[in-house]
$ cat final-v7.cif   # mmCIF, C-alpha atoms
data_work
#
loop_
_atom_site.label_atom_id
_atom_site.label_comp_id
_atom_site.auth_asym_id
_atom_site.auth_seq_id
_atom_site.Cartn_x
_atom_site.Cartn_y
_atom_site.Cartn_z
CA MET A 1281 26.47 1.64 13.13
CA GLU A 1282 24.82 5.02 12.70
CA ARG A 1283 21.68 6.67 14.03
CA ALA A 1284 18.78 8.42 12.34
CA ILE A 1285 15.78 10.06 14.00
CA PHE A 1286 12.55 10.78 12.15
CA ALA A 1287 9.27 12.27 13.38
CA GLY A 1288 6.29 11.61 11.17
CA GLY A 1289 3.17 11.67 13.30
CA CYS A 1290 2.32 8.77 15.56
CA PHE A 1291 5.45 6.75 16.21
CA TRP A 1292 3.45 3.52 16.06
CA CYS A 1293 3.08 4.00 12.31
CA MET A 1294 6.72 4.90 11.74
CA ILE A 1295 8.20 1.63 13.02
CA LYS A 1296 6.94 -0.90 10.49
CA PRO A 1297 8.32 0.69 7.29
CA PHE A 1298 11.88 0.51 8.63
CA ASP A 1299 11.74 -2.46 10.99
CA SER A 1300 12.60 -5.36 8.70
CA LEU A 1301 14.91 -3.73 6.16
CA PRO A 1302 18.40 -5.18 5.68
CA GLY A 1303 20.91 -3.19 7.70
CA ILE A 1304 18.44 -2.03 10.35
CA GLU A 1305 19.53 -3.11 13.83
CA SER A 1306 16.66 -1.47 15.74
CA VAL A 1307 13.79 0.99 15.48
CA ILE A 1308 12.71 2.50 18.78
CA SER A 1309 9.66 4.67 19.52
CA GLY A 1310 10.38 7.73 21.61
CA TYR A 1311 10.40 11.46 22.11
CA THR A 1312 12.85 14.17 21.11
CA GLY A 1313 13.26 17.86 20.41
CA GLY A 1314 11.72 19.21 23.59
CA THR A 1315 12.76 20.59 26.94
CA LYS A 1316 11.35 18.12 29.48
CA GLU A 1317 13.67 15.36 30.68
CA ASN A 1318 12.24 11.83 30.53
CA PRO A 1319 8.81 12.85 29.25
CA THR A 1320 5.86 10.49 29.34
CA TYR A 1321 3.48 9.70 26.50
CA LEU A 1322 0.69 11.76 28.07
CA GLU A 1323 3.01 14.74 28.65
CA VAL A 1324 4.23 14.71 25.05
CA LYS A 1325 0.73 14.20 23.67
CA SER A 1326 -0.44 17.26 25.66
CA GLY A 1327 1.88 19.42 23.55
CA THR A 1328 3.49 21.07 26.59
CA THR A 1329 6.97 19.49 26.42
CA GLY A 1330 8.13 20.64 22.99
CA HIS A 1331 8.90 17.02 22.06
CA THR A 1332 7.77 15.18 18.97
CA GLU A 1333 6.91 11.51 18.79
CA ALA A 1334 9.76 10.02 16.79
CA VAL A 1335 11.65 6.87 15.93
CA GLU A 1336 15.33 6.28 16.44
CA ILE A 1337 16.84 3.96 13.85
CA ILE A 1338 20.17 2.23 14.39
CA PHE A 1339 21.50 1.13 11.01
CA ASP A 1340 24.54 -0.22 9.21
CA PRO A 1341 25.47 2.31 6.48
CA ALA A 1342 27.26 -0.45 4.56
CA LEU A 1343 23.88 -2.13 4.01
CA ILE A 1344 21.46 0.82 3.85
CA SER A 1345 22.38 4.45 3.39
CA TYR A 1346 21.05 7.44 5.27
CA ARG A 1347 19.76 8.77 1.93
CA GLU A 1348 17.74 5.57 1.46
CA LEU A 1349 16.25 5.98 4.93
CA VAL A 1350 15.28 9.57 4.15
CA GLU A 1351 13.59 8.45 0.93
CA ILE A 1352 11.62 5.81 2.85
CA TYR A 1353 10.72 8.44 5.44
CA TRP A 1354 9.18 10.77 2.84
CA GLN A 1355 6.94 7.96 1.65
CA GLN A 1356 5.46 7.49 5.14
CA THR A 1357 4.42 11.11 5.66
CA ASP A 1358 2.50 14.02 4.23
CA PRO A 1359 5.41 16.45 3.87
CA THR A 1360 3.01 19.32 3.16
CA ASP A 1361 1.35 19.20 6.59
CA ALA A 1362 3.28 21.02 9.33
CA PHE A 1363 0.61 20.66 12.03
CA GLY A 1364 0.56 16.91 12.47
CA GLN A 1365 0.15 13.81 10.37
CA PHE A 1366 -3.13 12.27 9.33
CA GLU A 1367 -5.34 11.57 12.40
CA ASP A 1368 -2.70 12.94 14.76
CA ARG A 1369 -2.76 16.71 15.15
CA GLY A 1370 -0.57 19.09 17.09
CA SER A 1371 3.07 20.00 17.58
CA SER A 1372 4.02 16.61 19.03
CA TYR A 1373 3.09 15.01 15.69
CA ARG A 1374 4.85 17.45 13.36
CA PRO A 1375 7.12 16.00 10.65
CA VAL A 1376 10.84 16.48 11.36
CA ILE A 1377 14.06 14.92 10.13
CA TYR A 1378 16.63 15.21 12.90
CA TYR A 1379 20.28 15.11 11.89
CA PHE A 1380 23.40 14.12 13.84
CA ASP A 1381 26.10 15.65 11.65
CA GLU A 1382 26.68 17.87 8.66
CA ALA A 1383 26.53 14.96 6.22
CA GLN A 1384 23.06 13.95 7.44
CA GLN A 1385 21.93 17.57 7.36
CA LYS A 1386 23.09 18.05 3.77
CA THR A 1387 21.56 14.75 2.68
CA ALA A 1388 18.20 15.62 4.25
CA GLU A 1389 18.18 19.16 2.84
CA ALA A 1390 19.11 17.95 -0.66
CA SER A 1391 16.41 15.29 -0.51
CA ARG A 1392 13.81 17.84 0.61
CA ALA A 1393 14.84 20.19 -2.22
CA ASP A 1394 14.61 17.31 -4.72
CA LEU A 1395 11.13 16.48 -3.49
CA GLN A 1396 10.03 20.13 -3.65
CA ASN A 1397 11.41 20.51 -7.18
CA SER A 1398 9.94 17.23 -8.38
CA GLY A 1399 6.42 18.63 -8.68
CA HIS A 1400 5.14 15.56 -6.85
CA PHE A 1401 3.19 17.84 -4.51
CA ASP A 1402 1.46 21.09 -5.46
CA GLN A 1403 2.00 22.56 -1.98
CA PRO A 1404 5.32 23.46 -0.30
CA ILE A 1405 7.29 20.77 1.51
CA VAL A 1406 7.17 21.92 5.14
CA THR A 1407 8.94 19.06 6.93
CA GLN A 1408 11.55 20.58 9.21
CA ILE A 1409 15.20 19.52 9.33
CA GLU A 1410 16.65 20.10 12.79
CA PRO A 1411 19.69 19.08 14.86
CA ALA A 1412 19.17 15.93 16.88
CA SER A 1413 18.90 16.26 20.63
CA ILE A 1414 18.39 13.74 23.42
CA PHE A 1415 16.15 10.88 22.38
CA TYR A 1416 14.01 9.41 25.17
CA PRO A 1417 12.66 5.91 24.47
CA ALA A 1418 8.90 5.69 24.93
CA GLU A 1419 7.27 3.45 27.49
CA LYS A 1420 7.35 -0.30 26.83
CA GLU A 1421 3.73 -0.43 25.66
CA HIS A 1422 4.64 1.82 22.71
CA GLN A 1423 7.49 -0.36 21.44
CA ASP A 1424 6.71 -2.74 18.53
CA TYR A 1425 3.09 -1.65 18.75
CA TYR A 1426 2.18 -2.78 15.24
CA GLN A 1427 3.26 -6.35 16.08
CA ARG A 1428 1.59 -6.58 19.49
CA ASN A 1429 -1.67 -4.78 18.57
CA PRO A 1430 -2.21 -5.39 14.84
CA GLU A 1431 -5.93 -4.59 14.79
CA ASN A 1432 -5.59 -1.27 16.60
CA TYR A 1433 -2.50 -0.44 14.55
CA GLN A 1434 -4.41 -1.05 11.30
CA LYS A 1435 -7.28 1.16 12.50
CA ASN A 1436 -4.91 3.99 13.42
CA ALA A 1437 -2.99 3.69 10.15
CA GLU A 1438 -5.97 3.78 7.75
CA ARG A 1439 -5.79 7.43 6.69
CA ARG A 1440 -2.00 7.23 6.36
CA LYS A 1441 -2.28 4.11 4.19
CA LYS A 1442 -4.80 5.84 1.88
CA PHE A 1443 -2.56 8.88 1.51
CA ILE A 1444 0.49 6.73 0.78
CA ALA A 1445 -1.42 4.74 -1.83
CA GLU A 1446 -2.61 7.94 -3.53
CA PHE A 1447 0.59 10.01 -3.44
CA TRP A 1448 3.42 7.48 -3.41
#

$ encode --input "final-v7.cif" --output "C-alpha cells"
Amino acid sequence: MERAIFAGGCFWCMIKPFDSLPGIESVISGYTGGTKENPTYLEVKSGTTGHTEAVEIIFDPALISYRELVEIYWQQTDPTDAFGQFEDRGSSYRPVIYYFDEAQQKTAEASRADLQNSGHFDQPIVTQIEPASIFYPAEKEHQDYYQRNPENYQKNAERRKKFIAEFW
C-alpha cells in the first residue's frame, strides 16, 4: 500500500471523490504542513498553525496509480486559486499536493505542467507541490462527514459542484 496526501479546501468535500474507488483502502480527513503538534479543527481553521485541511489516502498502486489519484484531485479543485477553495478562504484551505518520494513529486509536477499547458484554464495553475510532513487525523466528527451529514455536506459543496460541472 502507498500513501497520498491532498489539500483542496474543506476536507469534507475531498473524501467522497476518492472514497469508493477500487484500490482505495481508506481516506482520512486531517491536517498537515504546519508547525503545531496535534492541532484541532478550530486551531487550523484560525490560520495560526500553518496546517492545511487535507486528506490522506491509503491505496493499492496495483489497482489505482498515483497519477490517477492526482488526475482525480485536479478535478475536485480550482487549481488557479491559491487563497482557498470555493466557500473556504485562507491558508488552511489552500490547494497542495504533498509528496512522499521523488516519484510522487515528479508525477505531480508533470501533471501540473500538463494541466498548465493544456489551455484548460486561462490563469496560471497555482496549486503547490510540497514534501509531505506529519499528518494528524482530524477529530472523529470530521471523518466520513458526507455520509453522516448528507444535507449539510451538499450545502457546503454547492459552489464546488458548480465549478466542477463548468470546468471539468

$ resolve_selection --input "final-v7.cif" --expression "the PyMOL selection byres ((chain A and resi 1335) around 6)" --output "ChimeraX atom specification"
/A:1285-1286,1308-1310,1334,1336

$ atom_distance --input "final-v7.cif" --atom1 "CA of Asn1432 in chain A" --atom2 "CA of Cys1293 in chain A"
11.0 Å

$ atom_distance --input "final-v7.cif" --atom1 "CA of Gly1303 in chain A" --atom2 "CA of Ile1344 in chain A"
5.6 Å

$ closest_residue --input "final-v7.cif" --among "A:Glu1410, A:Glu1419, A:Glu1446, A:Asp1424" --to "Leu1322 in chain A" --atoms "only C-alpha atoms"
A:Glu1419

$ atom_distance --input "final-v7.cif" --atom1 "CA of Glu1367 in chain A" --atom2 "CA of Ile1444 in chain A"
13.9 Å

$ resolve_selection --input "final-v7.cif" --expression "the PyMOL selection byres ((chain A and resi 1339) around 9)" --output "list in words"
Met1281, Glu1282, Arg1283, Ala1284, Pro1302, Gly1303, Ile1304, Glu1305, Ser1306, Val1307, Ile1337, Ile1338, Asp1340, Pro1341, Ala1342, Leu1343, Ile1344, Ser1345 and Tyr1346 of chain A

$ resolve_selection --input "final-v7.cif" --expression "the PyMOL selection byres ((chain A and resi 1380-1384) around 10)" --output "count of residues only"
21

$ residues_around --input "final-v7.cif" --residues "Thr1360 in chain A" --least-positions-apart "6" --cutoff "6 Å" --atoms "only C-alpha atoms" --output "list in words"
Pro1404, Ile1405 and Val1406 of chain A

$ closest_residue --input "final-v7.cif" --among "A:Tyr1321, A:Tyr1416, A:Tyr1373, A:Phe1401" --to "Trp1354 in chain A" --atoms "all atoms listed in the file"
A:Phe1401

$ axis_aligned_box --input "final-v7.cif" --around "range 1336-1344 of chain A" --padding-each-side "8 Å" --output "JSON"
{"center_x": 21.3, "center_y": 2.1, "center_z": 10.1, "size_x": 27.9, "size_y": 24.4, "size_z": 28.6}

$ residues_near_point --input "final-v7.cif" --point "(3.1, 9.8, 12.2)" --cutoff "10 Å" --atoms "all atoms listed in the file" --output "PyMOL selection string"
chain A and resi 1286-1295+1332-1335+1356-1358+1364-1369+1372-1375+1436-1437+1440

$ closest_residue --input "final-v7.cif" --among "A:Ile1414, A:Tyr1426, A:Ala1445, A:Pro1297" --to "Glu1317 in chain A" --atoms "only C-alpha atoms"
A:Ile1414

$ closest_residue --input "final-v7.cif" --among "A:Gln1427, A:Thr1329, A:Phe1447, A:Tyr1311" --to "Lys1296 in chain A" --atoms "only C-alpha atoms"
A:Gln1427

$ closest_residue --input "final-v7.cif" --among "A:Gly1327, A:Gly1313, A:Pro1319, A:Pro1359" --to "Gln1403 in chain A" --atoms "all atoms listed in the file"
A:Pro1359

$ closest_residue --input "final-v7.cif" --among "A:Ala1362, A:Glu1421, A:Glu1431, A:Arg1392" --to "Thr1320 in chain A" --atoms "all atoms listed in the file"
A:Glu1421
